[in-house]
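One structure below.
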Amino acid sequence: MSLKYSPATLKKIESLYEEIGYTIRYEKGNFHSGYCILQERRIAVINKFLSLEGRINAMIDILPTVEVDLERLSGEGRQYYDMLMSAPARS
């Protein structure tokens, strides 16, 4: 399944992060990768100047690095998580 870069996709990924207990914040900063993860506080800070595609890609890049309790995910959230994790790596 190919991923469409749309505001709806961004909202789905944001709600997935909410389900796993992470807060997404969009702020300006000097992030080399476009994002910063505050593990202890369960916050992911995304560069607010990134485009829609950049925001989505940053959140997908973060997903494998955070601890996810699969039991907390709803059925739809689990399916979306599995789809994102099984998608081929972007270059």
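Ligands are numbered from 1 in the order shown, chains are lettered A, B, ... in the order of the structure tokens, and residues start at 1 in each chain.
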
Find the nearest atom pair between each residue of stretch 57-90 of chain A and stretch 1-21 of chain A for residues within 10 Å, count only C-alpha atoms, give distances in Å to one decimal, sort rows by chain and ascending number, and present the table as JSON lines.
```
{"residue": "A:Asn57", "atom": "CA", "partner": "A:Tyr5", "partner_atom": "CA", "distance": 9.1}
{"residue": "A:Met59", "atom": "CA", "partner": "A:Ile13", "partner_atom": "CA", "distance": 7.4}
{"residue": "A:Ile60", "atom": "CA", "partner": "A:Ile13", "partner_atom": "CA", "distance": 8.1}
{"residue": "A:Leu63", "atom": "CA", "partner": "A:Tyr17", "partner_atom": "CA", "distance": 8.5}
{"residue": "A:Val66", "atom": "CA", "partner": "A:Ile20", "partner_atom": "CA", "distance": 9.3}
{"residue": "A:Glu67", "atom": "CA", "partner": "A:Ile20", "partner_atom": "CA", "distance": 8.4}
{"residue": "A:Val68", "atom": "CA", "partner": "A:Ile20", "partner_atom": "CA", "distance": 6.0}
{"residue": "A:Asp69", "atom": "CA", "partner": "A:Ile20", "partner_atom": "CA", "distance": 6.7}
{"residue": "A:Leu70", "atom": "CA", "partner": "A:Ile20", "partner_atom": "CA", "distance": 8.0}
{"residue": "A:Glu71", "atom": "CA", "partner": "A:Ile20", "partner_atom": "CA", "distance": 9.4}
{"residue": "A:Arg72", "atom": "CA", "partner": "A:Ile20", "partner_atom": "CA", "distance": 6.5}
{"residue": "A:Leu73", "atom": "CA", "partner": "A:Glu19", "partner_atom": "CA", "distance": 6.0}
{"residue": "A:Ser74", "atom": "CA", "partner": "A:Glu19", "partner_atom": "CA", "distance": 7.9}
{"residue": "A:Glu76", "atom": "CA", "partner": "A:Leu16", "partner_atom": "CA", "distance": 9.3}
{"residue": "A:Gly77", "atom": "CA", "partner": "A:Leu16", "partner_atom": "CA", "distance": 5.9}
{"residue": "A:Arg78", "atom": "CA", "partner": "A:Leu16", "partner_atom": "CA", "distance": 8.6}
{"residue": "A:Tyr80", "atom": "CA", "partner": "A:Leu16", "partner_atom": "CA", "distance": 8.0}
{"residue": "A:Tyr81", "atom": "CA", "partner": "A:Leu16", "partner_atom": "CA", "distance": 7.5}
{"residue": "A:Met83", "atom": "CA", "partner": "A:Met1", "partner_atom": "CA", "distance": 7.8}
{"residue": "A:Leu84", "atom": "CA", "partner": "A:Leu3", "partner_atom": "CA", "distance": 8.6}
{"residue": "A:Ser86", "atom": "CA", "partner": "A:Met1", "partner_atom": "CA", "distance": 9.8}
{"residue": "A:Ala87", "atom": "CA", "partner": "A:Met1", "partner_atom": "CA", "distance": 7.7}
{"residue": "A:Pro88", "atom": "CA", "partner": "A:Ser2", "partner_atom": "CA", "distance": 9.7}
```

Worksheet entry | Residues flagged alpha helix (DSSP H) by DSSP in chain A, as an MDAnalysis selection string | chainID A and resid 7:19 52:62 75:86

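What separates atom CA of A:Arg55 from atom CA of A:Cys36 is a distance of 12.1 Å.
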
Worksheet entry | Secondary structure check, strand (DSSP E or B) residues of stretch 8-81 of chain A, as number ranges by chain | A: 23-27, 35-38, 43-47

Item to complete: Name all residues at most 12 Å from A:Ile37 (count only C-alpha atoms; drop same-chain ones fewer than 6 positions away) and give them as an NGL selection string.
Response: :A and (22-26 or 31 or 43-47 or 58-59 or 61-63 or 65-67)

Fill in: Interatomic distance, atom CA of A:Ile56 to atom CA of A:Tyr35 (Å, one decimal)
11.1 Å

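Picture a line from atom CA of A:Pro64 to atom CA of A:Gln79; it runs 15.2 Å.
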